[in-house]
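Below: one structure, written as structure tokens.
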Amino acid sequence: MSPRQPRRRSYDQYCASARALDAVGDRWTLLIVRELLAGPRRYTDLHADLPGVSTDVLAGRLKDMEAQGLATRRKLPPPAAATVYELTARGAGLLPVLTALAEWGAPDLADRRPTDALRAHWYALPLLRRLPPTGVPAVVDVVLDEGVFHLRLAGDGPVHGDGPVHGGGPVYGDGPAEAADARLVLDADTCRELGEGTLDVAQAVRAGRLEVHGEGPAAAALRGETG
């Protein structure tokens with residue numbers, strides 16, 4: 001195994017932006033945060049959902065994140081007995097950074113390159129910003145041809161990353177939820193357009209590009225039903 005590359009030195013600037021980049025400016029760090037916003041993840045799961053990262057670099061970034069107080073490592077009790085990484089409160093505080101970056105970068109997704117990898121749950125953070133208030137906390141499955149993920153909504157408005165979601169816990173998860181309050185069925189292009197803000201949920205429902213399944217108040221709100 002090749003020796004781990006030394007951590008990039010500090011910018012040595014008394015500036016909040018420079019300090020932040022000292023902590024998260026290395027390649028892959030913010031994408032690891034993106035994955036951990038879904039909750040605790042095993043090393044093997046992180047490696048699978050970060051195509052292109054080497055095992056040495058991933059291990060190094062995780063160690064750096066632990067040292068910076070952004071992530072912790074713990075062992076799950078039996079029968080799982082697996083080691084997982086999860087964000088600390090400081091690490092979870094990067095949610096607004098990731099959502100802002102997703103919004104800024106969304107226009108560049110108009111043309112998918114042949115070499116681009118894709119995981120369905122990578123649509124989660126852009127989509128979280130665009131769903132209308134459900135009025136109640138809700139868990140929403142999102143079904144694409146590329147896969148399924150679920151979102152956890154606070155209920156009082158779009159998630160902008162400036163407040164807790166279900167007590168500050170994970171804001172999304174890979175795969176379907178155990179008990180979803182609503183289920184959205186759409187294609188990747190519609191999900192992308194929703195995420196970048198060129199299409200809203202009401203327009204997508206009226207155009208037949210988005211199906212909202214469910215009987216409760218959250219599903220009704222997402223369909224635009226009132227009263």
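Chain identifiers are assigned as A, B, and so on, following the order in which chains appear in the structure tokens; residues are numbered from 1 within each chain, and ligands are numbered from 1 in order of appearance.
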What's the 10 Å shell around Glu66 in chain A, counting only C-alpha atoms, without same-chain residues fewer than 6 positions away, as a ChimeraX atom specification?
/A:60,72-73,85-88,91
Could the residues in this selection be written to a file with N, CA and C atoms, as an mmCIF file, in the first residue's frame?
data_model
loop_
_atom_site.group_PDB
_atom_site.id
_atom_site.type_symbol
_atom_site.label_atom_id
_atom_site.label_comp_id
_atom_site.auth_asym_id
_atom_site.auth_seq_id
_atom_site.Cartn_x
_atom_site.Cartn_y
_atom_site.Cartn_z
ATOM 1 N N GLY A 60 -7.827 8.481 3.919
ATOM 2 C CA GLY A 60 -7.160 9.696 4.381
ATOM 3 C C GLY A 60 -8.129 10.819 4.652
ATOM 4 N N THR A 72 -17.363 11.252 12.890
ATOM 5 C CA THR A 72 -16.930 10.306 13.920
ATOM 6 C C THR A 72 -17.101 8.888 13.384
ATOM 7 N N ARG A 73 -16.430 7.983 14.055
ATOM 8 C CA ARG A 73 -16.494 6.580 13.669
ATOM 9 C C ARG A 73 -16.973 5.797 14.879
ATOM 10 N N TYR A 85 -19.239 5.479 9.689
ATOM 11 C CA TYR A 85 -18.868 6.885 9.840
ATOM 12 C C TYR A 85 -20.148 7.711 9.819
ATOM 13 N N GLU A 86 -20.183 8.760 10.622
ATOM 14 C CA GLU A 86 -21.326 9.653 10.616
ATOM 15 C C GLU A 86 -20.871 11.072 10.918
ATOM 16 N N LEU A 87 -21.678 12.033 10.503
ATOM 17 C CA LEU A 87 -21.333 13.424 10.698
ATOM 18 C C LEU A 87 -21.554 13.849 12.137
ATOM 19 N N THR A 88 -20.710 14.723 12.625
ATOM 20 C CA THR A 88 -20.961 15.417 13.878
ATOM 21 C C THR A 88 -21.921 16.573 13.587
ATOM 22 N N GLY A 91 -20.208 18.812 11.232
ATOM 23 C CA GLY A 91 -20.230 18.292 9.873
ATOM 24 C C GLY A 91 -21.597 18.453 9.225
#
Test item, strand (DSSP E) assignment across range 29-170 of chain A, answer as a ChimeraX atom specification
/A:41-42,71-75,83-87,138-144,147-153
Residues from last step as file, N, CA and C atoms, as a tab-separated table (two decimals), in the first residue's frame:
chain	number	residue	atom	x	y	z
A	41	ARG	N	-22.69	5.60	7.44
A	41	ARG	CA	-22.34	4.77	6.28
A	41	ARG	C	-21.08	3.98	6.58
A	42	ARG	N	-21.05	2.75	6.09
A	42	ARG	CA	-19.84	1.94	6.18
A	42	ARG	C	-18.82	2.42	5.15
A	71	ALA	N	-16.59	14.42	11.42
A	71	ALA	CA	-17.17	13.08	11.37
A	71	ALA	C	-16.61	12.25	12.53
A	72	THR	N	-17.36	11.25	12.89
A	72	THR	CA	-16.93	10.31	13.92
A	72	THR	C	-17.10	8.89	13.38
A	73	ARG	N	-16.43	7.98	14.05
A	73	ARG	CA	-16.49	6.58	13.67
A	73	ARG	C	-16.97	5.80	14.88
A	74	ARG	N	-17.89	4.86	14.67
A	74	ARG	CA	-18.36	4.03	15.78
A	74	ARG	C	-18.72	2.64	15.26
A	75	LYS	N	-18.78	1.71	16.17
A	75	LYS	CA	-19.10	0.33	15.80
A	75	LYS	C	-20.55	0.04	16.17
A	83	THR	N	-18.40	-1.16	11.44
A	83	THR	CA	-17.95	0.19	11.76
A	83	THR	C	-18.56	1.16	10.75
A	84	VAL	N	-19.12	2.25	11.26
A	84	VAL	CA	-19.74	3.24	10.39
A	84	VAL	C	-19.16	4.61	10.69
A	85	TYR	N	-19.24	5.48	9.69
A	85	TYR	CA	-18.87	6.89	9.84
A	85	TYR	C	-20.15	7.71	9.82
A	86	GLU	N	-20.18	8.76	10.62
A	86	GLU	CA	-21.33	9.65	10.62
A	86	GLU	C	-20.87	11.07	10.92
A	87	LEU	N	-21.68	12.03	10.50
A	87	LEU	CA	-21.33	13.42	10.70
A	87	LEU	C	-21.55	13.85	12.14
A	138	ALA	N	-42.66	14.84	7.16
A	138	ALA	CA	-43.01	13.75	6.26
A	138	ALA	C	-41.77	13.09	5.70
A	139	VAL	N	-41.92	11.84	5.33
A	139	VAL	CA	-40.89	11.10	4.61
A	139	VAL	C	-41.44	10.77	3.24
A	140	VAL	N	-40.69	11.12	2.21
A	140	VAL	CA	-41.18	11.01	0.84
A	140	VAL	C	-40.22	10.14	0.02
A	141	ASP	N	-40.74	9.06	-0.55
A	141	ASP	CA	-39.96	8.26	-1.49
A	141	ASP	C	-39.92	8.96	-2.84
A	142	VAL	N	-38.78	8.89	-3.50
A	142	VAL	CA	-38.62	9.43	-4.85
A	142	VAL	C	-38.17	8.28	-5.74
A	143	VAL	N	-38.97	7.97	-6.75
A	143	VAL	CA	-38.73	6.80	-7.59
A	143	VAL	C	-38.32	7.25	-8.99
A	144	LEU	N	-37.10	6.92	-9.38
A	144	LEU	CA	-36.58	7.18	-10.72
A	144	LEU	C	-36.24	5.86	-11.38
A	147	GLY	N	-33.10	4.51	-9.81
A	147	GLY	CA	-33.10	4.03	-8.44
A	147	GLY	C	-34.09	4.79	-7.59
A	148	VAL	N	-34.10	4.48	-6.31
A	148	VAL	CA	-35.04	5.06	-5.35
A	148	VAL	C	-34.27	5.65	-4.19
A	149	PHE	N	-34.70	6.82	-3.72
A	149	PHE	CA	-34.18	7.39	-2.48
A	149	PHE	C	-35.35	8.03	-1.74
A	150	HIS	N	-35.13	8.43	-0.52
A	150	HIS	CA	-36.21	9.09	0.22
A	150	HIS	C	-35.71	10.35	0.88
A	151	LEU	N	-36.62	11.30	1.05
A	151	LEU	CA	-36.34	12.60	1.64
A	151	LEU	C	-37.09	12.71	2.96
A	152	ARG	N	-36.48	13.41	3.91
A	152	ARG	CA	-37.13	13.68	5.20
A	152	ARG	C	-37.41	15.18	5.27
A	153	LEU	N	-38.69	15.55	5.30
A	153	LEU	CA	-39.10	16.93	5.24
A	153	LEU	C	-39.56	17.42	6.60
From the list A:Ala220, A:Leu125, A:Leu50, A:Leu184, the nearest residue to Val97 in chain A using only C-alpha atoms is A:Leu125
Nearest to Asp189 in chain A by atom-to-atom distance, counting only C-alpha atoms, from A:Val57, A:Ala120, A:Ala110, A:Ala221
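Of A:Val57, A:Ala120, A:Ala110, A:Ala221, the one nearest Asp189 in chain A is A:Ala110, counting only C-alpha atoms.
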Name all residues at most 12 Å from range 102-104 of chain A (count only C-alpha atoms; drop same-chain ones fewer than 5 positions away) and give them as a VMD selection string.
chain A and resid 30 to 31 34 95 to 97 109 122 to 130 160 to 161 192 to 198
Between CA of Gly155 in chain A and CA of Leu46 in chain A, what is the distance in Å, rounded to a tenth?
29.0 Å
What is the distance, in Å and to one decimal place, between CA of Lys63 in chain A and CA of Asp174 in chain A?
23.9 Å
Which residue is closest to Val136 in chain A? Choose from A:Asp22, A:Asp116, A:Glu35, A:Asp181 and count only C-alpha atoms.
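Ranked by minimum distance to Val136 in chain A, first place goes to A:Asp181.
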Write out as a short mmCIF file (atom, residue, chain, number, x, y, z; two decimals) with N, CA and C atoms, in the first residue's frame each polymer residue whose atoms come within 9 Å of Ala92 in chain A, counting only C-alpha atoms; drop sequence neighbours fewer than 6 positions from it.
data_model
loop_
_atom_site.label_atom_id
_atom_site.label_comp_id
_atom_site.auth_asym_id
_atom_site.auth_seq_id
_atom_site.Cartn_x
_atom_site.Cartn_y
_atom_site.Cartn_z
N VAL A 33 -19.16 14.35 2.68
CA VAL A 33 -20.22 14.96 3.49
C VAL A 33 -21.57 14.72 2.85
N LEU A 36 -22.67 11.32 3.74
CA LEU A 36 -22.96 11.14 5.16
C LEU A 36 -24.19 11.92 5.61
N LEU A 37 -24.66 12.87 4.82
CA LEU A 37 -25.93 13.54 5.14
C LEU A 37 -27.09 12.56 5.08
N LEU A 70 -15.45 16.85 12.02
CA LEU A 70 -16.57 16.82 11.09
C LEU A 70 -17.29 15.48 11.08
N ALA A 71 -16.59 14.42 11.42
CA ALA A 71 -17.17 13.08 11.37
C ALA A 71 -16.61 12.25 12.53
N GLY A 168 -32.28 17.57 13.29
CA GLY A 168 -30.89 17.61 12.85
C GLY A 168 -30.37 16.27 12.37
N GLY A 169 -31.27 15.29 12.19
CA GLY A 169 -30.85 13.98 11.72
C GLY A 169 -30.64 13.97 10.21
N PRO A 170 -30.47 12.78 9.63
CA PRO A 170 -30.26 12.68 8.19
C PRO A 170 -31.39 13.34 7.41
#
So which bits of range 92-190 of chain A end up helix (DSSP H, G or I) when you DSSP the backbone, as a PyMOL selection string?
chain A and resi 92+95-109+120-128+188-190
Give me the residues within 10 Å of Asp64 in chain A as a count of residues only, counting only C-alpha atoms and dropping any in the same chain fewer than 6 places off.
8
Nearest-residue call for Ala117 in chain A, choices A:Gly69, A:Ala18, A:Glu146, A:Pro79, using only C-alpha atoms:
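Closest to Ala117 in chain A, using only C-alpha atoms: A:Glu146.
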Report, in Å to a single decimal, how far apart CA of Ala182 in chain A and CA of Glu215 in chain A are.
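Computing it gives 7.6 Å between the two atoms.
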